[in-house]
Amino acid sequence: MCTMFIDGLDGVAHHITQNADLAIVAASSPEALREHARKRGWDKLRLLTTPPGSTFKYDMGGEDEQGVQDSTISVFSMEPTGTIRHFYTAHPSMAPDIRERGIDLLCAVYNVLDLTPKGRGDWYAQLEYAR
């Protein structure tokens with residue numbers, strides 16, 4: 001999931017976790033994820049990594065056959081028996097020509113920019129911004 005989305009989720013995690021479990025799953029080493037989280041100030045999220053050889057990201061559609069990753073959100077439910085069921089998955093791409101709108105409702109930044117006269121235009125979030 002895009003760093004900007006995770007920035008926002010960190011800010012509201014304490015609200016979400018009153019009603020649901022929330023975890024960010026990354027296909028990176030625990031050390032790399034921990035370092036990135038510290039740089040971003042993420043301290044309210046449960047961060048998990050997929051073990052080497054895991055097909056989780058591929059199975060959920062967050063990674064293609066070539067290993068190219070994309071942001072993905074998946075929801076699971078647990079039955080009283082302990083069985084975990086896949087409930088929902090969404091991706092940024094709505095269509096080949098609509099690349100960035102599929103999960104935008106989860107991002108306050110996009111929603112606020114969309115309220116302005118010029119909207120978000122072709123603006124795209126970056127890890128670092130010029131000062």
# chains A, B, ... in the order shown; residues from 1 in each chain; ligands from 1

$ closest_atom_pairs --of "range 18-71 of chain A" --to "range 124-128 of chain A" --cutoff "12 Å" --atoms "only C-alpha atoms" --output "tab-separated table"
residue	atom	partner	partner_atom	distance
A:His36	CA	A:Leu127	CA	10.5
A:Lys39	CA	A:Leu127	CA	10.5
A:Arg40	CA	A:Leu127	CA	9.3

$ write_last_selection --atoms "N, CA, C and O atoms" --output "compact mmCIF listing (two decimals), in the first residue's frame"
# COMPACT_ATOMS: atom_id res chain seq x y z
N HIS A 36 11.82 1.82 7.76
CA HIS A 36 10.93 2.72 7.03
C HIS A 36 9.85 3.27 7.97
O HIS A 36 9.52 4.46 7.93
N LYS A 39 11.24 6.04 10.14
CA LYS A 39 11.41 7.28 9.37
C LYS A 39 10.08 7.99 9.17
O LYS A 39 10.03 9.22 9.15
N ARG A 40 9.01 7.24 8.97
CA ARG A 40 7.69 7.81 8.71
C ARG A 40 6.95 8.17 10.00
O ARG A 40 5.93 8.83 9.96

$ closest_atom_pairs --of "range 18-84 of chain A" --to "range 89-93 of chain A" --cutoff "12 Å" --atoms "only C-alpha atoms" --output "JSON lines"
{"residue": "A:Lys57", "atom": "CA", "partner": "A:Thr89", "partner_atom": "CA", "distance": 11.3}
{"residue": "A:Asp59", "atom": "CA", "partner": "A:Thr89", "partner_atom": "CA", "distance": 10.6}
{"residue": "A:Met60", "atom": "CA", "partner": "A:Thr89", "partner_atom": "CA", "distance": 7.0}
{"residue": "A:Gly61", "atom": "CA", "partner": "A:His91", "partner_atom": "CA", "distance": 8.0}
{"residue": "A:Gly62", "atom": "CA", "partner": "A:His91", "partner_atom": "CA", "distance": 7.6}
{"residue": "A:Glu63", "atom": "CA", "partner": "A:His91", "partner_atom": "CA", "distance": 10.8}
{"residue": "A:Gln69", "atom": "CA", "partner": "A:His91", "partner_atom": "CA", "distance": 11.0}
{"residue": "A:Asp70", "atom": "CA", "partner": "A:His91", "partner_atom": "CA", "distance": 7.7}
{"residue": "A:Ser71", "atom": "CA", "partner": "A:His91", "partner_atom": "CA", "distance": 6.3}
{"residue": "A:Thr72", "atom": "CA", "partner": "A:His91", "partner_atom": "CA", "distance": 4.8}
{"residue": "A:Ile73", "atom": "CA", "partner": "A:Ala90", "partner_atom": "CA", "distance": 5.4}
{"residue": "A:Ser74", "atom": "CA", "partner": "A:Thr89", "partner_atom": "CA", "distance": 4.2}
{"residue": "A:Val75", "atom": "CA", "partner": "A:Thr89", "partner_atom": "CA", "distance": 6.3}
{"residue": "A:Phe76", "atom": "CA", "partner": "A:Thr89", "partner_atom": "CA", "distance": 9.0}

$ write_last_selection --atoms "N, CA and C atoms" --output "compact mmCIF listing (two decimals), in the first residue's frame"
# COMPACT_ATOMS: atom_id res chain seq x y z
N LYS A 57 1.02 -11.94 -1.44
CA LYS A 57 0.80 -10.76 -2.29
C LYS A 57 0.29 -11.17 -3.67
N ASP A 59 -1.37 -13.97 -4.39
CA ASP A 59 -2.72 -14.53 -4.21
C ASP A 59 -3.77 -13.43 -4.07
N MET A 60 -3.40 -12.33 -3.45
CA MET A 60 -4.34 -11.22 -3.24
C MET A 60 -4.34 -10.23 -4.39
N GLY A 61 -3.50 -10.48 -5.41
CA GLY A 61 -3.45 -9.60 -6.57
C GLY A 61 -2.59 -8.37 -6.37
N GLY A 62 -1.78 -8.34 -5.32
CA GLY A 62 -0.91 -7.20 -5.07
C GLY A 62 0.46 -7.35 -5.71
N GLU A 63 0.67 -8.46 -6.40
CA GLU A 63 1.93 -8.70 -7.09
C GLU A 63 1.65 -9.54 -8.33
N GLN A 69 4.90 -5.09 -7.70
CA GLN A 69 3.90 -4.93 -6.65
C GLN A 69 3.07 -3.68 -6.85
N ASP A 70 1.85 -3.74 -6.32
CA ASP A 70 0.94 -2.59 -6.35
C ASP A 70 0.20 -2.56 -5.03
N SER A 71 -0.29 -1.41 -4.65
CA SER A 71 -1.06 -1.28 -3.43
C SER A 71 -2.31 -2.14 -3.51
N THR A 72 -2.65 -2.77 -2.43
CA THR A 72 -3.83 -3.63 -2.37
C THR A 72 -4.36 -3.58 -0.95
N ILE A 73 -5.68 -3.58 -0.81
CA ILE A 73 -6.28 -3.70 0.51
C ILE A 73 -7.16 -4.94 0.50
N SER A 74 -7.00 -5.76 1.51
CA SER A 74 -7.80 -6.98 1.63
C SER A 74 -8.43 -7.02 3.01
N VAL A 75 -9.63 -7.57 3.06
CA VAL A 75 -10.37 -7.72 4.31
C VAL A 75 -10.67 -9.21 4.49
N PHE A 76 -10.44 -9.66 5.70
CA PHE A 76 -10.70 -11.06 6.06
C PHE A 76 -11.62 -11.08 7.27

$ closest_residue --among "A:Val112, A:Ala95, A:Met78, A:Leu105" --to "Ala20 in chain A" --atoms "only C-alpha atoms"
A:Met78

$ atom_distance --atom1 "CA of Gly53 in chain A" --atom2 "CA of Pro96 in chain A"
28.6 Å

$ select_by_dssp --residues "chain A" --states "alpha helix (DSSP H)" --output "number ranges by chain"
A: 3-16, 30-40, 56-59, 108-114

$ atom_distance --atom1 "CA of Pro30 in chain A" --atom2 "CA of Asp10 in chain A"
17.9 Å

$ closest_residue --among "A:Pro117, A:Val25, A:Glu100, A:Asp7" --to "Arg38 in chain A" --atoms "only C-alpha atoms"
A:Asp7

$ atom_distance --atom1 "CA of Cys2 in chain A" --atom2 "CA of Ile84 in chain A"
25.5 Å

$ residues_around --residues "Arg46 in chain A" --least-positions-apart "2" --cutoff "8 Å" --atoms "only C-alpha atoms" --output "VMD selection string"
chain A and resid 22 to 24 44 48

$ write_last_selection --atoms "all heavy atoms" --output "PDB file, in the first residue's frame"
ATOM      1  N   LEU A  22      -6.275  -4.481  12.457  1.00  0.00           N
ATOM      2  CA  LEU A  22      -5.670  -3.782  11.328  1.00  0.00           C
ATOM      3  C   LEU A  22      -4.198  -4.140  11.281  1.00  0.00           C
ATOM      4  O   LEU A  22      -3.499  -4.034  12.295  1.00  0.00           O
ATOM      5  CB  LEU A  22      -5.831  -2.263  11.486  1.00  0.00           C
ATOM      6  CG  LEU A  22      -5.128  -1.372  10.478  1.00  0.00           C
ATOM      7  CD1 LEU A  22      -5.707  -1.565   9.084  1.00  0.00           C
ATOM      8  CD2 LEU A  22      -5.236   0.084  10.904  1.00  0.00           C
ATOM      9  N   ALA A  23      -3.732  -4.567  10.133  1.00  0.00           N
ATOM     10  CA  ALA A  23      -2.314  -4.876   9.961  1.00  0.00           C
ATOM     11  C   ALA A  23      -1.886  -4.458   8.563  1.00  0.00           C
ATOM     12  O   ALA A  23      -2.648  -4.571   7.607  1.00  0.00           O
ATOM     13  CB  ALA A  23      -2.059  -6.370  10.155  1.00  0.00           C
ATOM     14  N   ILE A  24      -0.671  -3.979   8.468  1.00  0.00           N
ATOM     15  CA  ILE A  24      -0.054  -3.669   7.186  1.00  0.00           C
ATOM     16  C   ILE A  24       0.903  -4.820   6.893  1.00  0.00           C
ATOM     17  O   ILE A  24       1.769  -5.139   7.715  1.00  0.00           O
ATOM     18  CB  ILE A  24       0.731  -2.339   7.253  1.00  0.00           C
ATOM     19  CG1 ILE A  24      -0.172  -1.188   7.714  1.00  0.00           C
ATOM     20  CG2 ILE A  24       1.411  -2.048   5.920  1.00  0.00           C
ATOM     21  CD1 ILE A  24      -1.367  -0.913   6.841  1.00  0.00           C
ATOM     22  N   LYS A  44       1.477   3.380  15.484  1.00  0.00           N
ATOM     23  CA  LYS A  44       0.173   2.884  15.912  1.00  0.00           C
ATOM     24  C   LYS A  44      -0.309   1.681  15.100  1.00  0.00           C
ATOM     25  O   LYS A  44      -1.413   1.200  15.303  1.00  0.00           O
ATOM     26  CB  LYS A  44      -0.852   4.010  15.824  1.00  0.00           C
ATOM     27  CG  LYS A  44      -0.551   5.162  16.777  1.00  0.00           C
ATOM     28  CD  LYS A  44      -1.450   6.340  16.494  1.00  0.00           C
ATOM     29  CE  LYS A  44      -0.996   7.566  17.241  1.00  0.00           C
ATOM     30  NZ  LYS A  44       0.260   8.097  16.750  1.00  0.00           N
ATOM     31  N   LEU A  48       3.496  -6.266   9.525  1.00  0.00           N
ATOM     32  CA  LEU A  48       3.867  -7.656   9.290  1.00  0.00           C
ATOM     33  C   LEU A  48       4.606  -7.768   7.964  1.00  0.00           C
ATOM     34  O   LEU A  48       4.385  -6.963   7.062  1.00  0.00           O
ATOM     35  CB  LEU A  48       2.607  -8.540   9.240  1.00  0.00           C
ATOM     36  CG  LEU A  48       1.651  -8.444  10.430  1.00  0.00           C
ATOM     37  CD1 LEU A  48       0.378  -9.228  10.141  1.00  0.00           C
ATOM     38  CD2 LEU A  48       2.329  -8.945  11.691  1.00  0.00           C
TER      39      LEU A  48
END

$ select_by_dssp --residues "chain A" --states "strand (DSSP E or B)" --output "ChimeraX atom specification"
/A:23-26,46-49,63,69,73-78,84-90,95,98

$ write_last_selection --atoms "N, CA and C atoms" --output "mmCIF file, in the first residue's frame"
data_model
loop_
_atom_site.group_PDB
_atom_site.id
_atom_site.type_symbol
_atom_site.label_atom_id
_atom_site.label_comp_id
_atom_site.auth_asym_id
_atom_site.auth_seq_id
_atom_site.Cartn_x
_atom_site.Cartn_y
_atom_site.Cartn_z
ATOM 1 N N ALA A 23 -3.732 -4.567 10.133
ATOM 2 C CA ALA A 23 -2.314 -4.876 9.961
ATOM 3 C C ALA A 23 -1.886 -4.458 8.563
ATOM 4 N N ILE A 24 -0.671 -3.979 8.468
ATOM 5 C CA ILE A 24 -0.054 -3.669 7.186
ATOM 6 C C ILE A 24 0.903 -4.820 6.893
ATOM 7 N N VAL A 25 0.745 -5.446 5.726
ATOM 8 C CA VAL A 25 1.592 -6.569 5.343
ATOM 9 C C VAL A 25 2.473 -6.118 4.184
ATOM 10 N N ALA A 26 3.774 -6.237 4.380
ATOM 11 C CA ALA A 26 4.728 -5.801 3.363
ATOM 12 C C ALA A 26 5.597 -6.967 2.915
ATOM 13 N N ARG A 46 0.141 -2.259 13.373
ATOM 14 C CA ARG A 46 0.797 -3.571 13.432
ATOM 15 C C ARG A 46 1.373 -3.811 12.046
ATOM 16 N N LEU A 47 2.670 -3.975 11.973
ATOM 17 C CA LEU A 47 3.369 -4.162 10.697
ATOM 18 C C LEU A 47 3.844 -5.602 10.603
ATOM 19 N N LEU A 48 3.496 -6.266 9.525
ATOM 20 C CA LEU A 48 3.867 -7.656 9.290
ATOM 21 C C LEU A 48 4.606 -7.768 7.964
ATOM 22 N N THR A 49 5.455 -8.757 7.867
ATOM 23 C CA THR A 49 6.137 -9.018 6.601
ATOM 24 C C THR A 49 5.801 -10.433 6.145
ATOM 25 N N GLU A 63 0.669 -8.458 -6.402
ATOM 26 C CA GLU A 63 1.933 -8.700 -7.089
ATOM 27 C C GLU A 63 1.645 -9.535 -8.327
ATOM 28 N N GLN A 69 4.897 -5.091 -7.703
ATOM 29 C CA GLN A 69 3.903 -4.932 -6.650
ATOM 30 C C GLN A 69 3.067 -3.682 -6.852
ATOM 31 N N ILE A 73 -5.685 -3.576 -0.812
ATOM 32 C CA ILE A 73 -6.283 -3.705 0.507
ATOM 33 C C ILE A 73 -7.163 -4.940 0.499
ATOM 34 N N SER A 74 -7.001 -5.761 1.509
ATOM 35 C CA SER A 74 -7.795 -6.976 1.629
ATOM 36 C C SER A 74 -8.433 -7.024 3.007
ATOM 37 N N VAL A 75 -9.632 -7.573 3.057
ATOM 38 C CA VAL A 75 -10.374 -7.725 4.307
ATOM 39 C C VAL A 75 -10.666 -9.209 4.491
ATOM 40 N N PHE A 76 -10.445 -9.661 5.704
ATOM 41 C CA PHE A 76 -10.703 -11.055 6.057
ATOM 42 C C PHE A 76 -11.621 -11.080 7.271
ATOM 43 N N SER A 77 -12.343 -12.168 7.419
ATOM 44 C CA SER A 77 -13.171 -12.346 8.612
ATOM 45 C C SER A 77 -12.827 -13.692 9.234
ATOM 46 N N MET A 78 -13.049 -13.774 10.547
ATOM 47 C CA MET A 78 -12.811 -15.033 11.234
ATOM 48 C C MET A 78 -14.137 -15.530 11.807
ATOM 49 N N ILE A 84 -10.608 -18.656 8.826
ATOM 50 C CA ILE A 84 -10.433 -17.313 8.256
ATOM 51 C C ILE A 84 -10.905 -17.336 6.818
ATOM 52 N N ARG A 85 -11.735 -16.362 6.470
ATOM 53 C CA ARG A 85 -12.284 -16.270 5.126
ATOM 54 C C ARG A 85 -11.913 -14.928 4.500
ATOM 55 N N HIS A 86 -11.579 -14.977 3.216
ATOM 56 C CA HIS A 86 -11.320 -13.758 2.452
ATOM 57 C C HIS A 86 -12.670 -13.114 2.167
ATOM 58 N N PHE A 87 -12.803 -11.833 2.504
ATOM 59 C CA PHE A 87 -14.065 -11.124 2.349
ATOM 60 C C PHE A 87 -14.042 -10.164 1.169
ATOM 61 N N TYR A 88 -12.918 -9.452 0.981
ATOM 62 C CA TYR A 88 -12.894 -8.361 0.007
ATOM 63 C C TYR A 88 -11.451 -7.994 -0.320
ATOM 64 N N THR A 89 -11.187 -7.668 -1.578
ATOM 65 C CA THR A 89 -9.896 -7.108 -1.987
ATOM 66 C C THR A 89 -10.159 -6.006 -3.006
ATOM 67 N N ALA A 90 -9.420 -4.921 -2.882
ATOM 68 C CA ALA A 90 -9.526 -3.815 -3.841
ATOM 69 C C ALA A 90 -8.127 -3.371 -4.235
ATOM 70 N N ALA A 95 -9.391 0.330 -14.097
ATOM 71 C CA ALA A 95 -9.388 -0.088 -15.498
ATOM 72 C C ALA A 95 -8.003 0.244 -16.043
ATOM 73 N N ILE A 98 -7.597 3.882 -16.011
ATOM 74 C CA ILE A 98 -7.902 4.563 -14.747
ATOM 75 C C ILE A 98 -7.049 3.889 -13.678
#

$ decode --residues "chain A" --atoms "C-alpha atoms" --output "compact mmCIF listing (two decimals), in the first residue's frame"
# COMPACT_ATOMS: atom_id res chain seq x y z
CA MET A 1 0.00 0.00 0.00
CA CYS A 2 1.27 3.47 -0.84
CA THR A 3 3.20 5.13 1.98
CA MET A 4 0.77 8.06 1.93
CA PHE A 5 -2.16 5.72 2.59
CA ILE A 6 -0.28 4.11 5.48
CA ASP A 7 0.56 7.57 6.88
CA GLY A 8 -3.18 8.20 7.08
CA LEU A 9 -4.00 4.80 8.54
CA ASP A 10 -1.42 5.32 11.29
CA GLY A 11 -3.29 8.47 12.29
CA VAL A 12 -6.64 6.70 12.62
CA ALA A 13 -5.53 3.21 13.67
CA HIS A 14 -6.63 3.79 17.27
CA HIS A 15 -10.19 4.37 16.00
CA ILE A 16 -10.23 1.42 13.60
CA THR A 17 -8.88 -1.05 16.14
CA GLN A 18 -11.85 -0.38 18.42
CA ASN A 19 -13.89 -2.41 15.92
CA ALA A 20 -11.48 -4.41 13.74
CA ASP A 21 -7.96 -5.75 13.62
CA LEU A 22 -5.67 -3.78 11.33
CA ALA A 23 -2.31 -4.88 9.96
CA ILE A 24 -0.05 -3.67 7.19
CA VAL A 25 1.59 -6.57 5.34
CA ALA A 26 4.73 -5.80 3.36
CA ALA A 27 6.85 -7.96 1.11
CA SER A 28 10.12 -6.79 2.65
CA SER A 29 12.41 -7.83 5.43
CA PRO A 30 11.31 -7.01 8.98
CA GLU A 31 14.42 -4.81 9.36
CA ALA A 32 13.66 -2.77 6.23
CA LEU A 33 10.01 -2.35 7.20
CA ARG A 34 10.94 -1.33 10.75
CA GLU A 35 13.45 1.26 9.48
CA HIS A 36 10.93 2.72 7.03
CA ALA A 37 8.26 2.84 9.75
CA ARG A 38 10.59 4.74 12.09
CA LYS A 39 11.41 7.28 9.37
CA ARG A 40 7.69 7.81 8.71
CA GLY A 41 6.76 7.97 12.40
CA TRP A 42 4.39 5.00 12.23
CA ASP A 43 3.83 3.91 15.79
CA LYS A 44 0.17 2.88 15.91
CA LEU A 45 0.11 0.14 13.28
CA ARG A 46 0.80 -3.57 13.43
CA LEU A 47 3.37 -4.16 10.70
CA LEU A 48 3.87 -7.66 9.29
CA THR A 49 6.14 -9.02 6.60
CA THR A 50 5.59 -11.96 4.31
CA PRO A 51 8.11 -14.77 4.69
CA PRO A 52 10.46 -15.52 1.79
CA GLY A 53 8.66 -17.62 -0.81
CA SER A 54 5.20 -16.53 0.37
CA THR A 55 2.55 -16.18 -2.34
CA PHE A 56 0.29 -13.93 -0.21
CA LYS A 57 0.80 -10.76 -2.29
CA TYR A 58 0.35 -12.71 -5.54
CA ASP A 59 -2.72 -14.53 -4.21
CA MET A 60 -4.34 -11.22 -3.24
CA GLY A 61 -3.45 -9.60 -6.57
CA GLY A 62 -0.91 -7.20 -5.07
CA GLU A 63 1.93 -8.70 -7.09
CA ASP A 64 2.05 -9.96 -10.68
CA GLU A 65 3.95 -12.88 -12.21
CA GLN A 66 7.04 -10.70 -12.68
CA GLY A 67 7.06 -9.64 -9.01
CA VAL A 68 5.84 -6.10 -9.71
CA GLN A 69 3.90 -4.93 -6.65
CA ASP A 70 0.94 -2.59 -6.35
CA SER A 71 -1.06 -1.28 -3.43
CA THR A 72 -3.83 -3.63 -2.37
CA ILE A 73 -6.28 -3.70 0.51
CA SER A 74 -7.80 -6.98 1.63
CA VAL A 75 -10.37 -7.72 4.31
CA PHE A 76 -10.70 -11.06 6.06
CA SER A 77 -13.17 -12.35 8.61
CA MET A 78 -12.81 -15.03 11.23
CA GLU A 79 -15.68 -17.37 11.96
CA PRO A 80 -16.36 -18.53 15.53
CA THR A 81 -14.70 -21.84 14.57
CA GLY A 82 -11.45 -19.98 13.83
CA THR A 83 -11.75 -20.39 10.05
CA ILE A 84 -10.43 -17.31 8.26
CA ARG A 85 -12.28 -16.27 5.13
CA HIS A 86 -11.32 -13.76 2.45
CA PHE A 87 -14.06 -11.12 2.35
CA TYR A 88 -12.89 -8.36 0.01
CA THR A 89 -9.90 -7.11 -1.99
CA ALA A 90 -9.53 -3.82 -3.84
CA HIS A 91 -6.75 -2.38 -6.00
CA PRO A 92 -5.85 1.14 -7.18
CA SER A 93 -6.53 0.34 -10.83
CA MET A 94 -10.16 0.49 -11.82
CA ALA A 95 -9.39 -0.09 -15.50
CA PRO A 96 -6.28 -0.01 -17.72
CA ASP A 97 -6.81 3.71 -18.33
CA ILE A 98 -7.90 4.56 -14.75
CA ARG A 99 -4.83 3.70 -12.72
CA GLU A 100 -5.23 5.57 -9.43
CA ARG A 101 -8.87 5.68 -8.32
CA GLY A 102 -9.81 2.22 -7.02
CA ILE A 103 -8.99 2.75 -3.34
CA ASP A 104 -8.84 6.54 -3.17
CA LEU A 105 -11.70 6.75 -0.67
CA LEU A 106 -9.21 5.46 1.93
CA CYS A 107 -6.94 8.46 1.45
CA ALA A 108 -7.80 11.79 3.06
CA VAL A 109 -5.20 13.65 0.98
CA TYR A 110 -6.87 12.74 -2.33
CA ASN A 111 -10.32 13.52 -0.93
CA VAL A 112 -9.30 16.98 0.28
CA LEU A 113 -7.51 17.82 -2.99
CA ASP A 114 -10.59 16.70 -4.94
CA LEU A 115 -12.58 19.39 -3.10
CA THR A 116 -10.35 22.19 -4.38
CA PRO A 117 -11.06 24.08 -7.63
CA LYS A 118 -8.13 22.45 -9.47
CA GLY A 119 -8.55 19.04 -7.85
CA ARG A 120 -5.51 16.81 -7.63
CA GLY A 121 -4.67 17.09 -11.34
CA ASP A 122 -1.73 14.86 -12.10
CA TRP A 123 -0.25 15.22 -8.59
CA TYR A 124 1.20 12.00 -7.22
CA ALA A 125 2.49 11.37 -3.71
CA GLN A 126 6.24 11.06 -3.21
CA LEU A 127 8.35 9.74 -0.36
CA GLU A 128 10.19 13.08 -0.15
CA TYR A 129 9.09 16.54 -1.21
CA ALA A 130 11.24 19.50 -2.23
CA ARG A 131 11.39 22.16 0.45
